[in-house]
Amino acid sequence: MIQVNQSGAKYSAIVGIGEKLKQLEQSTGQKYLRLNRGIPSVCTIDLSEIIPLIDFNSAELQNYPPNSGLNTLHQAINAHYFNHKTKVENIFITAGGMNALDLIFRTLKTTKVWLPEFFWGAYANVLTINKIEFAFYSTYDVLFQKEFSEGETVLIGDPNNPLGNKYDDQLLLQIVDKLDHRNVNIVWDSPYRKLFYENDYFYEKLLSYPHVIIADSFSKSLGLSGQRIGFVHSLDNAFNIEFNTNLLYVTNGVNAFGQILVEKLLTTPEGQKAAFEFRAKTRIDMIKNIEYLKNKGLLAEEFYQDSEPIGIFTVVNMSEDELLKHHIGSVGLYYFTKNSKALASKYSRLCISVPHQELKSYFDLM
Ligand SMILES: Cc1ncc(COP(=O)(O)O)c(C=O)c1O
C-alpha cells in the first residue's frame with residue numbers, strides 16, 4: 001500500500017451538491033435550478049470577435065511563457081487595475097485565484113491568518129495544506145479594536161463569498177490603513193469586485209500599503225473560470241523573489257493561450273466591448289434577482305445591515321432542504337462558517353447570477 005501524506009484538507013463538499021442534483025434530475029425526470037454554483041451564469045462572454053485576433057501559430061502562444069507571465073498581460077493589468085501606477089515586476093500571473101492563494105500562503109511567513117466569519121471554504125483548506133493556523137473575525141469593528149501579534153495576517157474579500165455583500169470602500173481603506181500601520185499582513189482576495197465596476201482603480205489606492213498582497217482572478221470578472229488565469233501583486237521585494245521561485249516549481253509558467261486571451265479582452269476595442277457586455281448583462285439580471293428575492297421576503301436582511309447585497313451570491317432565509325423541495329439547488333450557509341453553524345442552519349447561499357426569468361419561474365411557484 002502507498003503511504004499518503006494526509007494534510008487534513010477536505011475535498012469540497014459543495015461538489016457533492018451538484019452531483020446530488022444530477023441524480024435527482026435523473027431519478028425524477030424533473031429539472032432543478034442550480035443556484036449552488038459559484039460562477040456568473042447569466043450569459044457567457046461572447047469571444048467570437050476576439051478569437052480572430054489571436055495568432056495560434058505564434059511562438060508566443062505555443063512555447064513556454066515567461067515564468068511570471070506575459071509582459072503584455074502585466075502591462076494590461078497595470079493599466080486596468082492599477083491605473084499604470086505599479087511596476088510590472090510586482091505582478092505575477094497564476095493559474096487562477098486558488099493557485100494565487102496557495103502560492104501566497106506557501107511564500108508568506110505568518111503565525112496566524114484571520115478569516116471572515118463567513119468565508120469561502122477553500123481558504124481553510126489551502127491554509128491547512130500549508131500548515132498555517134487560522135481563526136475568524138466577526139466584524140470589521142473587531143479588526144479595528146484588535147491587538148495583533150507580530151507576523152499575523154488578515155484576509156479581506158469584498159464582495160464576500162458567501163454573503164455577496166459590499167462594504168463602503170472608504171471603510172475598507174481605513175481598515176487596511178490601520179492594519180498596515182500595525183505591521184499586519186493583508187491578503188486582499190476580491191475576485192468578484194471587477195464584475196460590478198467599470199474603470200475601477202481601487203488597487204491603485206492599495207499601493208500605499210506595503211503589507212498588502214493582492215490575489216485576483218479572471219474567473220468571475222470575465223467569466224473565464226475555464227482558462228485558469230489570475231494574478232498576484234505585492235510591493236515587497238523579498239516576497240516577490242521567493243514567490244517567483246515557488247511559481248516556477250509549481251507551474252513552470254501558466255497557460256499562454258489563456259494569458260493572450262485575457263490580454264486581448266483587456267486591451268483591444270473588440271475585447272473591451274465583449275467584456276463590458278458580459279458584465280453589463282450579468283449585472284442587470286443580478287439586480288433584478290436580488291430585488292425579486294427581497295420583495296418576496298426571502299433575502300436575509302440581517303446580513304446586510306451595514307453593507308449592500310450586490311451578488312454574485314445572496315443569502316436567503318430558507319434552508320438547503322426547503323429550497324430543494326421547490327427544485328432549487330443551493331448551498332446551506334453552514335458550509336461557510338466554523339463558529340456560527342447553528343445560526344447559519346436556517347439560511348442558504350444562492351448564486352443569483354443566473355437569468356432573471358429562469359430564477360423567477362422557480363420562485364414564483366412557492
Ligand atoms: C472568494 C474567492 N476567491 C478566489 C476564488 C478563486 O477563483 P479561481 O480559482 O477560479 O480563479 C474564488 C472562487 O470561487 C472565490 O470565491
# chains A, B, ... in the order shown; residues from 1 in each chain; ligands from 1
>>> residues_near_ligand(ligand="ligand 1", cutoff="6 Å", atoms="only C-alpha atoms and all ligand atoms", output="list of chain:residue names")
A:Gly38, A:Gly96, A:Gly97, A:Met98, A:Trp120, A:Asn161, A:Asp189, A:Pro191, A:Ser217, A:Ser219, A:Ser225, A:Gly230
>>> select_by_dssp(residues="range 127-310 of chain A", states="strand (DSSP E or B)", output="ChimeraX atom specification")
/A:134-137,152-156,165-166,185-189,212-217,230-234,299,308-309
>>> write_last_selection(atoms="C-alpha atoms", output="CSV table (one decimal), in the first residue's frame")
chain,number,residue,atom,x,y,z
A,134,PHE,CA,-6.2,30.3,11.3
A,135,ALA,CA,-9.0,32.0,13.3
A,136,PHE,CA,-12.0,34.2,12.5
A,137,TYR,CA,-13.1,37.8,12.9
A,152,GLU,CA,-0.3,37.8,11.8
A,153,THR,CA,-2.3,38.1,8.6
A,154,VAL,CA,-5.8,39.3,7.8
A,155,LEU,CA,-7.7,38.1,4.7
A,156,ILE,CA,-10.2,40.5,3.3
A,165,ASN,CA,-22.2,41.9,0.3
A,166,LYS,CA,-20.2,45.1,-0.4
A,185,ASN,CA,-0.1,41.4,6.5
A,186,ILE,CA,-3.3,41.8,4.5
A,187,VAL,CA,-4.2,39.3,1.8
A,188,TRP,CA,-6.7,41.1,-0.4
A,189,ASP,CA,-8.8,38.5,-2.3
A,212,VAL,CA,-1.0,44.2,1.2
A,213,ILE,CA,-0.7,41.2,-1.1
A,214,ILE,CA,-3.4,41.1,-3.8
A,215,ALA,CA,-4.8,37.9,-5.2
A,216,ASP,CA,-7.2,38.2,-8.2
A,217,SER,CA,-8.6,36.2,-11.0
A,230,GLY,CA,-5.3,35.0,-12.2
A,231,PHE,CA,-2.6,37.2,-10.7
A,232,VAL,CA,-0.8,38.2,-7.5
A,233,HIS,CA,0.6,41.7,-6.7
A,234,SER,CA,3.0,42.6,-4.0
A,299,LEU,CA,-33.5,38.0,1.4
A,308,GLU,CA,-25.1,46.2,0.4
A,309,PRO,CA,-26.3,42.9,-1.1
>>> residues_around(residues="range 352-359 of chain A", least_positions_apart="3", cutoff="12 Å", atoms="only C-alpha atoms", output="VMD selection string")
chain A and resid 31 to 44 162 to 164 192 195 to 196 220 223 278 to 293 299 309 to 316 326 to 330 348 to 349 362 to 366
>>> select_by_dssp(residues="range 32-254 of chain A", states="helix (DSSP H, G or I)", output="PyMOL selection string")
chain A and resi 51-53+59-62+71-82+88-90+96-107+121-129+140-145+169-181+193-196+202-206+218-221+225-227+237-251
>>> atom_distance(atom1="CA of Ala300 in chain A", atom2="CA of Phe336 in chain A")
15.4 Å
>>> residues_around(residues="Asn246 in chain A", least_positions_apart="4", cutoff="12 Å", atoms="only C-alpha atoms", output="list in words")
Asn67, Ser68, Phe92, Thr94, Asn99, Ala100, Asp102, Leu103, Ile104, Phe105, Arg106, Thr107, Leu108, Phe239, Asn240, Ile241, Glu242, Val250, Thr251, Asn252 and Gly253 of chain A
